[in-house]
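One structure below.
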Amino acid sequence: MAQLSIIVNGQRHVNEIADNILLVDYIRETLALTGTHIGCDTSQCGACVVHVNGISVKSCTMLAAQADGAEVTTIEGISDGENLHPMQEAFHEQHGLQCGFCTPGMVMSAIELVEKNKDLSEQDIREGLEGNICRCTGYHNIVKAVQTAASKMQR
Amino acid sequence: MYATRYSKPKNIEEGVSALHAAEDGKLLAGGMTLIPTLKQRLAAPDCLIDLSTIGLSGISGAGDGLIIGAMTTHAEVERSADVQKQLPALSVLAGGIGDRQVRNCGTIGGSIANNDPAACYPAALLALAAQITTNKRTLAADDYFTGMFETALAEDEIITEIKFPKTHKASYAKFGNPASRYAMVGVFIAKTDAGGLRVAITGAGQDGVFRHNGLEAALAQSFDVAAIDATAIEDSELMSDIHASADYRAHLIKEMSKRALQAIG
Ligand code: FES
Ligand code: FES
């Protein structure tokens with residue numbers, strides 16, 4: 001057991017955690033923030049993507065203990081109250097989701113991609129989202145959503 | 001994942017003592033291979049020693065080469081202005097590893113410590129005649145990669161930095177596995193003062209990364225695509241698996257060598 005002190009969506013949490021607990025399990029089970037999904041057990045699908053100190057990571061491939069002292073943002077932490085984040089809005093407008101299972105990870109990956117890169121081409125977006133798999137295969141609309149959001153976020 | 005202990009040493013000495021104290025301790029770098037392995041219960045180390053806080057990350061562009069700290073992530077190498085200026089092929093290589101989230105966490109030291117036969121970095125280190133510095137010594141890439149998932153590292157040896165010599169020409173081309181982005185075949189061609197002209201191949205060899213003597217000799221004669229075309233690529237020592245036959249890999253070696261040469265700067 002170790003003590004974890006972490007800021008998640010702006011709020012500090014201090015918990016005793018098992019040394020082998022994954023960040024995603026801590027987020028979902030200890031903090032009950034179930035917007036972050038687990039879509040695989042092989043670190044390939046990206047449904048679990050969150051931001052740790054501003055970079056996108058697969059929270060199923062990091063121990064919670066590794067995130068000690070970090071600032072984490074999950075899908076629950078990106079809207080401004082009732083106002084959706086531009087990326088969420090764009091996924092809504094462009095029908096960028098079908099079942100929605102991959103969506104939290106897609107949105108978190110896409111936000112970091114757009115924040116760190118200007119003038120993204122369609123190809124850049126497709127490559128930037130290589131770590132996120134959509135089982136419904138709705139990639140065209142996902143790309144459109146990211147393009148729409150990028151133009152709003154970078155205005 | 002099996003139960004394990006997590007420790008976060010503050011310096012190399014603490015890391016080494018943690019390794020000595022453990023029965024089967026494992027060093028944790030970016031975790032991009034180790035954590036999936038633990039999740040699958042394919043390993044059960046009694047202690048994980050996290051190297052993220054002992055100051056092993058960073059890039060410095062010393063006049064006659066580049067020094068990259070072992071814990072520097074692929075994303076950092078990809079975006080580094082020093083790397084882009086002095087060794088752009090390495091930035092391209094780092095930017096093609098795995099996916100964005102893997103590049104955000106995965107590290108150069110972790111990659112070469114694991115020495116996956118399909119990893120990209122081993123080809124760069126071997127072709128560029130890089131030097132690997134550990135807490136104990138400095139090794140030439142030629143002596144470091146000793147086989148598939150095998151290196152010259154001792155049990156309690158920790159990589160601290162990798163030094164790339166002054167480079168005249170360098171280029172990497174890979175045919176990535178469409179699912180994993182690991183190299184089915186990756187070819188790194190380089191000219192350095194330290195190593196001369198070298199062609200290193202990853203993804204294809206039964207013993208991991210290797211230099212291709214035939215291609216090196218041909219390119220030394222004449223540094224052009226025709227020389228590659230005229231070189232026979234033996235497939236008897238190449239890997240055959242569900243992704244590609246040895247024969248197909250031999251074909252890819254030729255193809256990727258041509259692409260690397262055409263893009264060389
Ligand atoms: S749950 Fe699939 S990559 Fe994390
Ligand atoms: S919307 Fe169903 S998995 Fe992507």
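Following the order of the structure tokens, first chain is A, next is B, and so on, with residues numbered from 1 inside each chain and ligands from 1 in the order they appear.
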message = Show me which residues line ligand 2, defined as having an atom within 6 Å of a ligand atom where only C-alpha atoms and all ligand atoms count, and present them as a VMD selection string.
response = chain A and resid 97 to 103 134 to 136
task = Using only C-alpha atoms and all ligand atoms, determine which residues fall within 8 Å of ligand 1, then list them as a PyMOL selection string.
result = chain A and resi 24+37-49+58-61+131-132
note = From CA of Tyr182 (chain B) to CA of Glu157 (chain B) the spacing works out at 26.2 Å
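Between CA of Arg211 (chain B) and CA of Val199 (chain B) the interatomic distance comes to 5.6 Å.
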query = Can you list, as a ChimeraX atom specification, every protein, DNA or RNA residue that comes within 7 Å of Thr74 (chain A) when you count only C-alpha atoms, leaving out same-chain residues fewer than 3 positions away?
reply = /A:9,36,50-51,77
Atoms kept (C-alpha atoms) for selection, written as a PDB file, in the first residue's frame:
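Heads up, here's the output in out-v2.pdb:
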ATOM      1  CA  ASN A   9     -10.389  17.484 -12.558  1.00  0.00           C
ATOM      2  CA  THR A  36     -13.120   6.780 -18.657  1.00  0.00           C
ATOM      3  CA  VAL A  50      -6.915  10.767 -19.943  1.00  0.00           C
ATOM      4  CA  HIS A  51      -4.546  13.697 -19.592  1.00  0.00           C
ATOM      5  CA  GLY A  77     -13.426  17.465 -16.315  1.00  0.00           C
TER       6      GLY A  77
END
Please check the contacts: residues of chain B at most 12 Å away from chain A, using only C-alpha atoms, listed as a CSV table (one decimal) with all heavy atoms, in the first residue's frame.
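This is the output file result.csv:
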chain,number,residue,atom,x,y,z
B,1,MET,N,-3.1,-8.2,-12.8
B,1,MET,CA,-1.7,-8.0,-12.5
B,1,MET,C,-1.5,-8.7,-11.1
B,1,MET,O,-2.3,-8.5,-10.2
B,1,MET,CB,-1.4,-6.5,-12.4
B,1,MET,CG,0.1,-6.2,-12.3
B,1,MET,SD,0.4,-4.5,-12.1
B,1,MET,CE,-0.4,-3.7,-13.5
B,2,TYR,N,-0.4,-9.4,-11.0
B,2,TYR,CA,0.0,-10.0,-9.7
B,2,TYR,C,0.4,-8.8,-8.7
B,2,TYR,O,0.7,-7.7,-9.2
B,2,TYR,CB,1.2,-10.9,-9.8
B,2,TYR,CG,0.9,-12.2,-10.6
B,2,TYR,CD1,1.4,-12.4,-11.8
B,2,TYR,CD2,0.0,-13.1,-10.1
B,2,TYR,CE1,1.1,-13.5,-12.6
B,2,TYR,CE2,-0.3,-14.3,-10.8
B,2,TYR,CZ,0.3,-14.5,-12.0
B,2,TYR,OH,0.0,-15.6,-12.7
B,3,ALA,N,0.3,-9.1,-7.4
B,3,ALA,CA,0.7,-8.1,-6.4
B,3,ALA,C,2.2,-7.8,-6.6
B,3,ALA,O,3.0,-8.7,-7.0
B,3,ALA,CB,0.4,-8.7,-5.0
B,4,THR,N,2.5,-6.6,-6.4
B,4,THR,CA,3.9,-6.2,-6.5
B,4,THR,C,4.2,-5.0,-5.6
B,4,THR,O,3.2,-4.4,-5.1
B,4,THR,CB,4.3,-5.9,-8.0
B,4,THR,OG1,5.7,-5.7,-8.1
B,4,THR,CG2,3.6,-4.7,-8.5
B,5,ARG,N,5.4,-4.6,-5.4
B,5,ARG,CA,5.7,-3.4,-4.7
B,5,ARG,C,6.2,-2.4,-5.7
B,5,ARG,O,6.9,-2.7,-6.7
B,5,ARG,CB,6.9,-3.7,-3.7
B,5,ARG,CG,6.5,-3.6,-2.3
B,5,ARG,CD,7.5,-4.1,-1.3
B,5,ARG,NE,8.5,-5.0,-1.8
B,5,ARG,CZ,9.7,-4.7,-2.1
B,5,ARG,NH1,10.2,-3.5,-2.0
B,5,ARG,NH2,10.6,-5.7,-2.6
B,6,TYR,N,5.9,-1.1,-5.4
B,6,TYR,CA,6.3,0.0,-6.3
B,6,TYR,C,7.3,0.8,-5.6
B,6,TYR,O,7.0,1.2,-4.4
B,6,TYR,CB,5.1,0.8,-6.7
B,6,TYR,CG,5.3,2.1,-7.4
B,6,TYR,CD1,5.5,2.1,-8.8
B,6,TYR,CD2,5.4,3.3,-6.7
B,6,TYR,CE1,5.8,3.3,-9.5
B,6,TYR,CE2,5.6,4.5,-7.4
B,6,TYR,CZ,5.8,4.5,-8.7
B,6,TYR,OH,6.1,5.6,-9.4
B,7,SER,N,8.4,1.1,-6.2
B,7,SER,CA,9.3,2.0,-5.5
B,7,SER,C,9.8,3.1,-6.5
B,7,SER,O,9.9,2.9,-7.7
B,7,SER,CB,10.5,1.3,-4.9
B,7,SER,OG,11.5,1.2,-5.8
B,8,LYS,N,10.0,4.3,-5.9
B,8,LYS,CA,10.4,5.4,-6.7
B,8,LYS,C,11.7,6.0,-6.2
B,8,LYS,O,11.7,6.9,-5.3
B,8,LYS,CB,9.3,6.5,-6.6
B,8,LYS,CG,9.2,7.4,-7.8
B,8,LYS,CD,8.0,8.3,-7.7
B,8,LYS,CE,7.4,8.7,-9.0
B,8,LYS,NZ,6.1,9.4,-9.0
B,28,LEU,N,11.2,0.1,-14.2
B,28,LEU,CA,10.0,0.7,-15.0
B,28,LEU,C,10.4,2.0,-15.6
B,28,LEU,O,10.7,2.9,-15.0
B,28,LEU,CB,8.9,0.9,-14.0
B,28,LEU,CG,7.6,1.5,-14.5
B,28,LEU,CD1,7.0,0.7,-15.6
B,28,LEU,CD2,6.6,1.7,-13.4
B,29,ALA,N,10.4,2.0,-17.0
B,29,ALA,CA,10.7,3.2,-17.7
B,29,ALA,C,9.4,3.8,-18.1
B,29,ALA,O,8.6,4.3,-17.3
B,29,ALA,CB,11.7,2.9,-18.8
B,30,GLY,N,9.1,3.8,-19.4
B,30,GLY,CA,7.8,4.4,-19.8
B,30,GLY,C,6.7,3.4,-19.6
B,30,GLY,O,5.5,3.7,-19.6
B,31,GLY,N,7.0,2.1,-19.4
B,31,GLY,CA,6.0,1.1,-19.1
B,31,GLY,C,5.2,0.6,-20.3
B,31,GLY,O,4.3,-0.2,-20.1
B,32,MET,N,5.6,1.0,-21.5
B,32,MET,CA,4.7,0.7,-22.7
B,32,MET,C,4.8,-0.8,-23.1
B,32,MET,O,3.9,-1.3,-23.7
B,32,MET,CB,5.1,1.6,-23.9
B,32,MET,CG,4.7,3.0,-23.6
B,32,MET,SD,2.9,3.4,-23.4
B,32,MET,CE,2.8,3.5,-21.6
B,33,THR,N,5.8,-1.5,-22.7
B,33,THR,CA,5.9,-2.9,-22.8
B,33,THR,C,5.7,-3.6,-21.5
B,33,THR,O,4.9,-4.6,-21.4
B,33,THR,CB,7.3,-3.4,-23.4
B,33,THR,OG1,7.4,-2.7,-24.7
B,33,THR,CG2,7.3,-4.9,-23.6
B,34,LEU,N,6.3,-3.1,-20.5
B,34,LEU,CA,6.2,-3.8,-19.2
B,34,LEU,C,4.8,-3.9,-18.6
B,34,LEU,O,4.4,-4.9,-18.1
B,34,LEU,CB,7.2,-3.1,-18.2
B,34,LEU,CG,7.3,-3.8,-16.8
B,34,LEU,CD1,7.6,-5.3,-16.9
B,34,LEU,CD2,8.3,-3.0,-15.9
B,35,ILE,N,4.1,-2.8,-18.6
B,35,ILE,CA,2.8,-2.8,-18.0
B,35,ILE,C,1.8,-3.7,-18.7
B,35,ILE,O,1.1,-4.5,-18.1
B,35,ILE,CB,2.3,-1.4,-17.7
B,35,ILE,CG1,3.2,-0.8,-16.7
B,35,ILE,CG2,0.8,-1.4,-17.3
B,35,ILE,CD1,2.8,0.6,-16.2
B,36,PRO,N,1.7,-3.6,-20.1
B,36,PRO,CA,0.9,-4.7,-20.8
B,36,PRO,C,1.3,-6.1,-20.4
B,36,PRO,O,0.5,-7.0,-20.3
B,36,PRO,CB,1.1,-4.4,-22.3
B,36,PRO,CG,1.4,-2.9,-22.3
B,36,PRO,CD,2.2,-2.6,-21.0
B,37,THR,N,2.6,-6.3,-20.3
B,37,THR,CA,3.1,-7.7,-19.9
B,37,THR,C,2.6,-8.1,-18.5
B,37,THR,O,2.2,-9.2,-18.3
B,37,THR,CB,4.6,-7.7,-19.9
B,37,THR,OG1,5.1,-7.2,-21.2
B,37,THR,CG2,5.2,-9.1,-19.7
B,38,LEU,N,2.6,-7.1,-17.6
B,38,LEU,CA,2.1,-7.4,-16.2
B,38,LEU,C,0.6,-7.6,-16.2
B,38,LEU,O,0.1,-8.5,-15.5
B,38,LEU,CB,2.5,-6.2,-15.3
B,38,LEU,CG,4.0,-5.9,-15.1
B,38,LEU,CD1,4.1,-4.7,-14.2
B,38,LEU,CD2,4.7,-7.1,-14.5
B,39,LYS,N,-0.1,-6.8,-17.0
B,39,LYS,CA,-1.5,-7.0,-17.1
B,39,LYS,C,-1.9,-8.4,-17.6
B,39,LYS,O,-2.9,-8.9,-17.2
B,39,LYS,CB,-2.1,-5.9,-18.1
B,39,LYS,CG,-2.3,-4.5,-17.4
B,39,LYS,CD,-2.4,-3.4,-18.4
B,39,LYS,CE,-3.7,-3.6,-19.3
B,39,LYS,NZ,-3.9,-2.4,-20.2
B,40,GLN,N,-1.1,-8.9,-18.5
B,40,GLN,CA,-1.4,-10.2,-19.0
B,40,GLN,C,-0.9,-11.3,-18.1
B,40,GLN,O,-1.0,-12.5,-18.4
B,40,GLN,CB,-0.7,-10.4,-20.4
B,40,GLN,CG,-1.1,-9.4,-21.5
B,40,GLN,CD,-2.5,-9.8,-22.1
B,40,GLN,OE1,-2.8,-10.9,-22.3
B,40,GLN,NE2,-3.3,-8.8,-22.3
B,41,ARG,N,-0.3,-10.9,-17.0
B,41,ARG,CA,0.3,-11.9,-16.0
B,41,ARG,C,1.4,-12.7,-16.7
B,41,ARG,O,1.5,-13.9,-16.4
B,41,ARG,CB,-0.8,-12.8,-15.4
B,41,ARG,CG,-1.7,-12.0,-14.5
B,41,ARG,CD,-2.5,-12.9,-13.6
B,41,ARG,NE,-3.1,-12.1,-12.6
B,41,ARG,CZ,-3.8,-12.6,-11.6
B,41,ARG,NH1,-3.9,-13.9,-11.4
B,41,ARG,NH2,-4.4,-11.9,-10.6
B,44,ALA,N,5.9,-11.6,-13.2
B,44,ALA,CA,5.5,-11.3,-11.8
B,44,ALA,C,6.6,-10.8,-10.9
B,44,ALA,O,7.1,-11.4,-10.0
B,44,ALA,CB,4.9,-12.6,-11.2
B,45,PRO,N,7.2,-9.6,-11.3
B,45,PRO,CA,8.2,-9.1,-10.5
B,45,PRO,C,7.7,-8.7,-9.1
B,45,PRO,O,6.6,-8.3,-8.9
B,45,PRO,CB,8.6,-7.8,-11.3
B,45,PRO,CG,7.5,-7.5,-12.1
B,45,PRO,CD,6.7,-8.7,-12.4
B,46,ASP,N,8.6,-8.9,-8.1
B,46,ASP,CA,8.2,-8.5,-6.7
B,46,ASP,C,8.3,-7.1,-6.5
B,46,ASP,O,7.8,-6.5,-5.5
B,46,ASP,CB,8.9,-9.4,-5.7
B,46,ASP,CG,10.4,-9.2,-5.7
B,46,ASP,OD1,10.9,-8.8,-6.8
B,46,ASP,OD2,11.0,-9.3,-4.6
B,47,CYS,N,9.0,-6.4,-7.4
B,47,CYS,CA,9.2,-4.9,-7.1
B,47,CYS,C,9.4,-4.2,-8.5
B,47,CYS,O,10.1,-4.7,-9.4
B,47,CYS,CB,10.5,-4.7,-6.3
B,47,CYS,SG,10.7,-3.0,-5.8
B,48,LEU,N,8.7,-3.1,-8.6
B,48,LEU,CA,8.8,-2.3,-9.8
B,48,LEU,C,9.6,-1.0,-9.4
B,48,LEU,O,9.1,-0.3,-8.5
B,48,LEU,CB,7.5,-1.9,-10.4
B,48,LEU,CG,6.7,-3.1,-10.9
B,48,LEU,CD1,5.2,-2.6,-11.3
B,48,LEU,CD2,7.3,-3.6,-12.2
B,49,ILE,N,10.6,-0.7,-10.1
B,49,ILE,CA,11.5,0.5,-9.7
B,49,ILE,C,11.3,1.5,-10.8
B,49,ILE,O,11.9,1.4,-11.9
B,49,ILE,CB,12.9,0.0,-9.5
B,49,ILE,CG1,13.0,-1.0,-8.4
B,49,ILE,CG2,13.8,1.2,-9.2
B,49,ILE,CD1,13.9,-2.1,-8.6
B,50,ASP,N,10.6,2.6,-10.4
B,50,ASP,CA,10.2,3.6,-11.4
B,50,ASP,C,11.4,4.6,-11.6
B,50,ASP,O,11.9,5.2,-10.6
B,50,ASP,CB,9.0,4.4,-10.8
B,50,ASP,CG,8.5,5.4,-11.8
B,50,ASP,OD1,9.2,5.7,-12.8
B,50,ASP,OD2,7.3,5.9,-11.6
B,51,LEU,N,11.9,4.7,-12.8
B,51,LEU,CA,13.1,5.5,-13.1
B,51,LEU,C,12.7,7.0,-13.4
B,51,LEU,O,13.6,7.8,-13.8
B,51,LEU,CB,13.9,4.9,-14.2
B,51,LEU,CG,14.4,3.5,-13.9
B,51,LEU,CD1,15.2,3.0,-15.1
B,51,LEU,CD2,15.4,3.5,-12.7
B,52,SER,N,11.4,7.3,-13.3
B,52,SER,CA,11.0,8.6,-13.8
B,52,SER,C,11.5,9.8,-13.1
B,52,SER,O,11.6,11.0,-13.6
B,52,SER,CB,9.5,8.7,-14.0
B,52,SER,OG,8.9,8.7,-12.7
B,53,THR,N,12.0,9.6,-11.8
B,53,THR,CA,12.3,10.8,-11.0
B,53,THR,C,13.8,10.8,-10.7
B,53,THR,O,14.2,11.5,-9.7
B,53,THR,CB,11.5,10.9,-9.7
B,53,THR,OG1,11.5,9.6,-9.1
B,53,THR,CG2,10.1,11.2,-10.0
B,73,THR,N,11.2,10.7,-23.7
B,73,THR,CA,10.1,10.0,-24.4
B,73,THR,C,10.3,10.1,-25.9
B,73,THR,O,11.0,11.0,-26.4
B,73,THR,CB,8.7,10.5,-24.0
B,73,THR,OG1,8.6,11.9,-24.4
B,73,THR,CG2,8.5,10.5,-22.5
B,75,ALA,N,8.0,11.2,-27.9
B,75,ALA,CA,7.4,12.4,-28.3
B,75,ALA,C,8.5,13.6,-28.1
B,75,ALA,O,8.5,14.5,-28.9
B,75,ALA,CB,6.2,12.7,-27.5
B,76,GLU,N,9.3,13.5,-27.1
B,76,GLU,CA,10.3,14.6,-26.8
B,76,GLU,C,11.4,14.5,-27.9
B,76,GLU,O,11.8,15.5,-28.4
B,76,GLU,CB,10.9,14.4,-25.4
B,76,GLU,CG,9.9,14.9,-24.3
B,76,GLU,CD,10.3,14.4,-22.9
B,76,GLU,OE1,11.2,13.5,-22.8
B,76,GLU,OE2,9.8,14.9,-22.0
B,79,ARG,N,9.9,15.9,-31.2
B,79,ARG,CA,9.7,17.3,-31.3
B,79,ARG,C,11.0,18.2,-31.0
B,79,ARG,O,10.9,19.4,-31.1
B,79,ARG,CB,8.6,17.7,-30.3
B,79,ARG,CG,7.2,17.3,-30.8
B,79,ARG,CD,6.1,18.0,-30.0
B,79,ARG,NE,6.0,17.6,-28.7
B,79,ARG,CZ,5.1,16.7,-28.3
B,79,ARG,NH1,4.2,16.2,-29.1
B,79,ARG,NH2,5.0,16.4,-27.0
B,95,GLY,N,8.8,9.7,-34.2
B,95,GLY,CA,7.5,10.1,-34.5
B,95,GLY,C,6.7,9.0,-35.2
B,95,GLY,O,5.5,9.1,-35.3
B,96,GLY,N,7.3,7.9,-35.5
B,96,GLY,CA,6.6,6.8,-36.2
B,96,GLY,C,6.4,5.6,-35.2
B,96,GLY,O,5.9,4.5,-35.6
B,97,ILE,N,6.9,5.7,-34.0
B,97,ILE,CA,6.8,4.6,-33.0
B,97,ILE,C,5.3,4.5,-32.5
B,97,ILE,O,4.8,5.5,-32.1
B,97,ILE,CB,7.7,4.7,-31.9
B,97,ILE,CG1,9.2,4.7,-32.4
B,97,ILE,CG2,7.5,3.7,-30.8
B,97,ILE,CD1,10.2,5.0,-31.3
B,98,GLY,N,4.8,3.3,-32.5
B,98,GLY,CA,3.5,3.1,-31.9
B,98,GLY,C,2.4,4.1,-32.2
B,98,GLY,O,2.2,4.4,-33.4
B,99,ASP,N,1.7,4.6,-31.3
B,99,ASP,CA,0.7,5.7,-31.5
B,99,ASP,C,1.1,6.8,-30.6
B,99,ASP,O,2.0,6.8,-29.8
B,99,ASP,CB,-0.7,5.1,-31.2
B,99,ASP,CG,-0.8,4.5,-29.8
B,99,ASP,OD1,-0.5,5.2,-28.8
B,99,ASP,OD2,-1.3,3.4,-29.7
B,100,ARG,N,0.3,7.9,-30.6
B,100,ARG,CA,0.6,9.1,-29.9
B,100,ARG,C,0.7,8.9,-28.4
B,100,ARG,O,1.6,9.4,-27.8
B,100,ARG,CB,-0.6,10.1,-30.2
B,100,ARG,CG,-0.2,11.5,-30.0
B,100,ARG,CD,-1.4,12.4,-30.3
B,100,ARG,NE,-1.1,13.7,-29.6
B,100,ARG,CZ,-0.3,14.6,-30.1
B,100,ARG,NH1,0.3,14.4,-31.2
B,100,ARG,NH2,0.0,15.7,-29.4
B,101,GLN,N,-0.1,8.1,-27.8
B,101,GLN,CA,-0.1,7.9,-26.4
B,101,GLN,C,1.2,7.0,-26.0
B,101,GLN,O,1.8,7.2,-24.9
B,101,GLN,CB,-1.4,7.2,-25.9
B,101,GLN,CG,-2.5,8.2,-25.9
B,101,GLN,CD,-3.0,8.6,-27.2
B,101,GLN,OE1,-3.1,7.8,-28.1
B,101,GLN,NE2,-3.4,9.9,-27.4
B,102,VAL,N,1.5,6.1,-26.9
B,102,VAL,CA,2.8,5.3,-26.6
B,102,VAL,C,4.0,6.3,-26.7
B,102,VAL,O,4.9,6.2,-25.9
B,102,VAL,CB,2.9,4.2,-27.7
B,102,VAL,CG1,4.3,3.6,-27.7
B,102,VAL,CG2,1.9,3.1,-27.4
B,103,ARG,N,4.0,7.2,-27.7
B,103,ARG,CA,5.1,8.1,-27.8
B,103,ARG,C,5.2,9.1,-26.6
B,103,ARG,O,6.2,9.6,-26.3
B,103,ARG,CB,5.0,8.9,-29.1
B,103,ARG,CG,5.1,8.0,-30.3
B,103,ARG,CD,5.3,8.8,-31.6
B,103,ARG,NE,4.2,9.5,-32.0
B,103,ARG,CZ,3.2,9.1,-32.8
B,103,ARG,NH1,3.2,7.8,-33.2
B,103,ARG,NH2,2.2,9.8,-33.2
B,104,ASN,N,4.0,9.4,-26.0
B,104,ASN,CA,4.0,10.3,-24.9
B,104,ASN,C,4.6,9.7,-23.6
B,104,ASN,O,5.1,10.4,-22.7
B,104,ASN,CB,2.5,10.7,-24.5
B,104,ASN,CG,2.1,11.8,-25.4
B,104,ASN,OD1,2.9,12.5,-26.1
B,104,ASN,ND2,0.7,12.0,-25.5
B,105,CYS,N,4.6,8.4,-23.5
B,105,CYS,CA,5.1,7.7,-22.3
B,105,CYS,C,6.4,6.9,-22.6
B,105,CYS,O,7.3,6.9,-21.8
B,105,CYS,CB,4.1,6.8,-21.7
B,105,CYS,SG,2.7,7.6,-21.1
B,106,GLY,N,6.5,6.2,-23.7
B,106,GLY,CA,7.6,5.3,-24.0
B,106,GLY,C,8.9,6.1,-24.1
B,106,GLY,O,8.9,7.2,-24.6
B,178,PRO,N,0.4,-3.1,-39.7
B,178,PRO,CA,-0.7,-2.2,-39.7
B,178,PRO,C,-1.4,-2.1,-38.4
B,178,PRO,O,-2.1,-1.1,-38.1
B,178,PRO,CB,-1.7,-2.7,-40.8
B,178,PRO,CG,-0.9,-3.9,-41.4
B,178,PRO,CD,0.3,-4.1,-40.7
B,179,ALA,N,-1.4,-3.1,-37.6
B,179,ALA,CA,-2.0,-3.0,-36.3
B,179,ALA,C,-1.1,-2.4,-35.2
B,179,ALA,O,-1.5,-1.5,-34.5
B,179,ALA,CB,-2.5,-4.4,-35.8
B,180,SER,N,0.1,-2.9,-35.0
B,180,SER,CA,0.9,-2.5,-33.9
B,180,SER,C,1.8,-1.4,-34.2
B,180,SER,O,2.3,-0.7,-33.3
B,180,SER,CB,1.7,-3.7,-33.4
B,180,SER,OG,2.7,-4.0,-34.4
B,181,ARG,N,2.1,-1.1,-35.5
B,181,ARG,CA,3.1,-0.1,-35.9
B,181,ARG,C,4.5,-0.5,-35.6
B,181,ARG,O,5.5,0.2,-35.8
B,181,ARG,CB,2.8,1.3,-35.3
B,181,ARG,CG,1.5,1.9,-35.8
B,181,ARG,CD,1.6,2.1,-37.3
B,181,ARG,NE,0.3,2.7,-37.8
B,181,ARG,CZ,-0.4,2.2,-38.8
B,181,ARG,NH1,0.0,1.1,-39.5
B,181,ARG,NH2,-1.6,2.7,-39.1
key: In region 131-247 of chain B, DSSP alpha helix (DSSP H) residues written as an NGL selection string   = :B and (141-144 or 213-221 or 225-229 or 246-247)
ask   = Leaving out Leu93 (chain B) and any residue of its chain fewer than 3 positions from it, which residues lie within 8 Å of it when counting only C-alpha atoms, given as JSON, numbers by chain?
value = {"B": [78, 89, 90, 96, 97, 120, 121, 172]}
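What separates CA of Leu125 (chain B) from CA of Arg249 (chain B) is a distance of 21.1 Å.
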request  = Counting only C-alpha atoms, figure out which residue out of B:Gly15, B:Gly208, B:Gly186, B:Gly65 gets nearest to Glu150 (chain B).
outcome  = B:Gly208
message = If we count only C-alpha atoms and set the cut-off at 12 Å, which residues sit around Ala62 (chain B), ignoring sequence neighbours fewer than 3 positions away in its own chain? Please answer as a ChimeraX atom specification.
response = /B:59,65-68,82-83,86,163-166
key: Residues within 12 Å of Lys191 (chain B), only C-alpha atoms, excluding chain neighbours under 5 positions, as JSON, numbers by chain   = {"B": [87, 124, 126, 127, 128, 129, 130, 164, 165, 166, 167, 168, 169, 170, 171, 196, 197, 198, 199, 200, 216, 219, 220, 223, 261, 264, 265]}
